[in-house]
Amino acid sequence: KAGVTQTPRYLIKTRGQQVTLSCSPISGHRSVSWYQQTPGQGLQFLFEYFSETQRNKGNFPGRFSGRQFSNSRSEMNVSTLELGDSALYLCASSLVDRSYGYTFGSGTRLTVV
Amino acid sequence: SQKIEQNSEALNIQEGKTATLTCNYTNYSPAYLQWYRQDPGRGPVFLLLIRENEKEKRKERLKVTFDTTLKQSLFHITASQPADSATYLCALKNSGYSTLTFGKGTMLLVSP
């Protein structure tokens with residue numbers, strides 16, 4: 001079966017711009033989580049969606065937002081980009097029973113210049 | 001505050017030996033603990049889950065132990081191979097609608 005698909009794979013943006021990242025979860029997975037990964041901080045939780053509702057949100061500024069559609073696909077948006085937003089953004093999908101583990105996409109590498 | 005600590009120094013071992021990685025946590029009451037493998041530029045890959053009421057879990061050459069008194073999990077790879085070289089992450093989830101929180105990972109390097 002297809003894995004978690006994240007698009008685009010790489011992105012270069014200028015400070016002040018905004019960006020939208022997309023995530024298509026595994027079919028049947030209704031829970032989608034987003035993480036930011038940087039060398040210094042590791043994986044930092046951004047938000048989690050389940051059935052189009054945000055269930056949890058991490059400690060990130062309001063410039064970071066997300067949503068989930070009825071087909072479980074999810075998008076995250078970062079407005080007014082800063083240099084520090086350069087990171088690997090990872091999306092993970094899981095079954096309702098998350099004890100089976102998360103399946104991660106390959107991520108979107110965002111570079112802000 | 002809540003902390004998940006993994007050794008930040010890379011672990012270098014020889015092929016065939018057993019690799020042991022450590023995950024310590026504070027101020028968590030985890031419902032379960034998971035281990036993931038991550039290769040450079042890729043997303044983490046789920047390996048094993050162990051629940052709070054389990055002491056040990058095995059899968060092929062992998063073994064995980066979980067000591068909720070010591071607040072520690074050990075991850076073992078027996079008969080290690082160069083292909084096992086990667087960063088290994090532990091992740092915890094408290095009970096209820098809490099998130100899965102990751103440690104920063106330990107890099108394992110297996111030399112031939």
# chains A, B, ... in the order shown; residues from 1 in each chain; ligands from 1
call {"tool": "residues_around", "arguments": {"residues": "Leu83 in chain A", "least_positions_apart": "4", "cutoff": "9 Å", "atoms": "only C-alpha atoms", "output": "list in words"}}
result
Thr14, Arg15, Thr111, Val112 and Val113 of chain A
call {"tool": "interface_residues", "arguments": {"of": "chain A", "to": "chain B", "cutoff": "8 Å", "atoms": "only C-alpha atoms", "output": "list in words"}}
result
Gln41, Gly42, Leu43, Gln44, Phe45, Glu48, Arg55, Asn56, Leu90, Ser99, Tyr100, Gly101, Tyr102, Thr103, Phe104, Gly105, Ser106 and Gly107 of chain A
call {"tool": "write_last_selection", "arguments": {"atoms": "N, CA, C and O atoms", "output": "CSV table (one decimal), in the first residue's frame"}}
result
chain,number,residue,atom,x,y,z
A,41,GLN,N,17.3,20.9,17.8
A,41,GLN,CA,16.1,20.7,18.6
A,41,GLN,C,15.5,19.3,18.4
A,41,GLN,O,14.6,18.9,19.2
A,42,GLY,N,15.9,18.6,17.4
A,42,GLY,CA,15.3,17.3,17.2
A,42,GLY,C,13.9,17.4,16.6
A,42,GLY,O,13.6,18.4,16.0
A,43,LEU,N,13.1,16.4,16.9
A,43,LEU,CA,11.7,16.4,16.4
A,43,LEU,C,10.8,17.2,17.4
A,43,LEU,O,10.7,16.8,18.5
A,44,GLN,N,10.2,18.3,16.9
A,44,GLN,CA,9.4,19.1,17.7
A,44,GLN,C,7.9,19.0,17.2
A,44,GLN,O,7.7,19.2,16.0
A,45,PHE,N,7.0,18.7,18.1
A,45,PHE,CA,5.6,18.5,17.7
A,45,PHE,C,5.0,19.8,17.4
A,45,PHE,O,5.1,20.8,18.1
A,48,GLU,N,-1.6,18.0,15.8
A,48,GLU,CA,-2.2,16.7,15.4
A,48,GLU,C,-3.6,16.9,15.1
A,48,GLU,O,-4.3,17.7,15.7
A,55,ARG,N,-6.5,18.2,17.5
A,55,ARG,CA,-6.6,17.5,18.8
A,55,ARG,C,-5.5,18.0,19.8
A,55,ARG,O,-5.7,18.1,21.0
A,56,ASN,N,-4.4,18.3,19.2
A,56,ASN,CA,-3.3,18.9,20.0
A,56,ASN,C,-2.5,19.9,19.3
A,56,ASN,O,-2.4,19.8,18.0
A,90,LEU,N,8.0,17.1,8.9
A,90,LEU,CA,7.6,15.7,8.8
A,90,LEU,C,6.1,15.5,9.1
A,90,LEU,O,5.7,16.1,10.1
A,99,SER,N,-1.0,3.0,19.1
A,99,SER,CA,0.0,2.0,19.7
A,99,SER,C,0.7,1.2,18.6
A,99,SER,O,1.6,0.5,18.8
A,100,TYR,N,0.1,1.3,17.4
A,100,TYR,CA,0.8,0.6,16.2
A,100,TYR,C,1.9,1.4,15.6
A,100,TYR,O,2.5,1.0,14.6
A,101,GLY,N,2.1,2.6,16.2
A,101,GLY,CA,3.2,3.4,15.7
A,101,GLY,C,2.8,4.4,14.6
A,101,GLY,O,1.7,4.3,14.0
A,102,TYR,N,3.6,5.3,14.4
A,102,TYR,CA,3.4,6.3,13.3
A,102,TYR,C,4.1,5.9,12.1
A,102,TYR,O,5.2,5.4,12.1
A,103,THR,N,3.5,6.2,10.9
A,103,THR,CA,4.2,6.1,9.7
A,103,THR,C,4.5,7.5,9.2
A,103,THR,O,3.6,8.3,8.9
A,104,PHE,N,5.8,7.8,9.0
A,104,PHE,CA,6.2,9.1,8.6
A,104,PHE,C,6.4,9.2,7.1
A,104,PHE,O,6.8,8.2,6.4
A,105,GLY,N,6.2,10.4,6.5
A,105,GLY,CA,6.6,10.6,5.2
A,105,GLY,C,8.1,11.0,5.1
A,105,GLY,O,8.7,11.0,6.2
A,106,SER,N,8.6,11.2,3.9
A,106,SER,CA,10.0,11.5,3.8
A,106,SER,C,10.3,13.0,4.1
A,106,SER,O,11.4,13.4,4.2
A,107,GLY,N,9.2,13.8,4.3
A,107,GLY,CA,9.4,15.2,4.8
A,107,GLY,C,9.5,16.2,3.6
A,107,GLY,O,9.7,15.8,2.5
call {"tool": "residues_around", "arguments": {"residues": "Thr68 in chain B", "least_positions_apart": "4", "cutoff": "10 Å", "atoms": "only C-alpha atoms", "output": "MDAnalysis selection string"}}
result
chainID B and resid 24:25 28:30 52:55 72:73
call {"tool": "write_last_selection", "arguments": {"atoms": "N, CA and C atoms", "output": "CSV table (one decimal), in the first residue's frame"}}
result
chain,number,residue,atom,x,y,z
B,24,ASN,N,16.2,7.7,28.7
B,24,ASN,CA,15.8,8.1,30.1
B,24,ASN,C,14.7,9.2,30.0
B,25,TYR,N,13.8,9.1,30.9
B,25,TYR,CA,12.8,10.2,30.9
B,25,TYR,C,12.4,10.7,32.3
B,28,TYR,N,7.3,12.0,33.1
B,28,TYR,CA,6.3,11.3,32.3
B,28,TYR,C,5.7,10.2,33.0
B,29,SER,N,4.5,9.9,32.7
B,29,SER,CA,3.9,8.6,33.1
B,29,SER,C,3.4,7.9,31.8
B,30,PRO,N,4.4,7.4,31.0
B,30,PRO,CA,4.0,6.9,29.7
B,30,PRO,C,3.1,5.7,29.6
B,52,GLU,N,3.4,0.2,29.2
B,52,GLU,CA,3.9,0.4,30.5
B,52,GLU,C,3.9,-0.8,31.4
B,53,ASN,N,3.0,-1.8,31.1
B,53,ASN,CA,3.0,-3.0,31.9
B,53,ASN,C,3.8,-4.1,31.3
B,54,GLU,N,4.6,-3.8,30.3
B,54,GLU,CA,5.5,-4.8,29.8
B,54,GLU,C,6.9,-4.6,30.2
B,55,LYS,N,7.7,-5.6,30.4
B,55,LYS,CA,9.1,-5.4,30.8
B,55,LYS,C,10.0,-5.5,29.6
B,72,GLN,N,13.4,4.3,32.5
B,72,GLN,CA,14.4,4.0,31.4
B,72,GLN,C,14.0,2.9,30.5
B,73,SER,N,14.4,3.1,29.2
B,73,SER,CA,14.2,2.0,28.3
B,73,SER,C,15.6,1.7,27.6
call {"tool": "atom_distance", "arguments": {"atom1": "CA of Thr26 in chain B", "atom2": "CA of Gln38 in chain B"}}
result
23.6 Å
call {"tool": "select_by_dssp", "arguments": {"residues": "chain B", "states": "strand (DSSP E or B)", "output": "ChimeraX atom specification"}}
result
/B:3-6,11-14,19-26,30-38,45-51,56-59,62-67,72-77,86-94,100-102,106-111
call {"tool": "atom_distance", "arguments": {"atom1": "CA of Leu92 in chain B", "atom2": "CA of His76 in chain B"}}
result
17.7 Å
call {"tool": "residues_around", "arguments": {"residues": "Asn27 in chain B", "least_positions_apart": "4", "cutoff": "9 Å", "atoms": "only C-alpha atoms", "output": "list of chain:residue names"}}
result
B:Ser1, B:Gln2, B:Lys3
call {"tool": "closest_residue", "arguments": {"among": "A:Gly3, A:Arg109, A:Tyr10, A:Ser24", "to": "Glu75 in chain A", "atoms": "only C-alpha atoms"}}
result
A:Ser24
call {"tool": "closest_residue", "arguments": {"among": "A:Val32, A:Val4, A:Leu46, A:Leu110", "to": "Asp85 in chain A", "atoms": "only C-alpha atoms"}}
result
A:Leu110
call {"tool": "residues_around", "arguments": {"residues": "Tyr49 in chain A", "least_positions_apart": "3", "cutoff": "7 Å", "atoms": "only C-alpha atoms", "output": "ChimeraX atom specification"}}
result
/A:31-33,52-55,68
call {"tool": "select_by_dssp", "arguments": {"residues": "chain A", "states": "helix (DSSP H, G or I)", "output": "short mmCIF file (atom, residue, chain, number, x, y, z; two decimals) with all heavy atoms, in the first residue's frame"}}
result
data_model
loop_
_atom_site.label_atom_id
_atom_site.label_comp_id
_atom_site.auth_asym_id
_atom_site.auth_seq_id
_atom_site.Cartn_x
_atom_site.Cartn_y
_atom_site.Cartn_z
N LEU A 83 14.20 33.03 9.04
CA LEU A 83 15.32 32.14 8.74
C LEU A 83 15.29 30.89 9.63
O LEU A 83 15.62 29.79 9.18
CB LEU A 83 16.65 32.89 8.95
CG LEU A 83 16.93 34.05 8.02
CD1 LEU A 83 18.26 34.71 8.38
CD2 LEU A 83 16.94 33.61 6.56
N GLY A 84 14.86 31.05 10.86
CA GLY A 84 14.81 29.93 11.80
C GLY A 84 13.76 28.88 11.48
O GLY A 84 13.73 27.84 12.13
N ASP A 85 12.92 29.16 10.51
CA ASP A 85 11.92 28.16 10.11
C ASP A 85 12.51 27.12 9.17
O ASP A 85 11.83 26.15 8.82
CB ASP A 85 10.73 28.86 9.42
CG ASP A 85 10.00 29.81 10.34
OD1 ASP A 85 10.03 29.59 11.57
OD2 ASP A 85 9.40 30.77 9.83
N ARG A 98 -3.01 4.47 18.23
CA ARG A 98 -1.66 4.86 17.84
C ARG A 98 -0.59 3.96 18.43
O ARG A 98 0.60 4.19 18.21
CB ARG A 98 -1.43 6.32 18.24
CG ARG A 98 -2.23 7.28 17.36
CD ARG A 98 -2.09 8.70 17.83
NE ARG A 98 -2.84 8.92 19.05
CZ ARG A 98 -2.70 10.00 19.80
NH1 ARG A 98 -1.83 10.94 19.48
NH2 ARG A 98 -3.42 10.15 20.88
N SER A 99 -0.98 2.96 19.13
CA SER A 99 0.01 2.05 19.66
C SER A 99 0.66 1.22 18.56
O SER A 99 1.64 0.52 18.81
CB SER A 99 -0.61 1.14 20.72
OG SER A 99 -1.61 0.33 20.14
N TYR A 100 0.14 1.30 17.36
CA TYR A 100 0.77 0.61 16.24
C TYR A 100 1.88 1.45 15.62
O TYR A 100 2.48 1.05 14.63
CB TYR A 100 -0.27 0.23 15.19
CG TYR A 100 -1.18 -0.89 15.66
CD1 TYR A 100 -2.41 -0.61 16.21
CD2 TYR A 100 -0.77 -2.21 15.56
CE1 TYR A 100 -3.23 -1.62 16.67
CE2 TYR A 100 -1.59 -3.23 16.02
CZ TYR A 100 -2.81 -2.93 16.57
OH TYR A 100 -3.62 -3.93 17.02
#
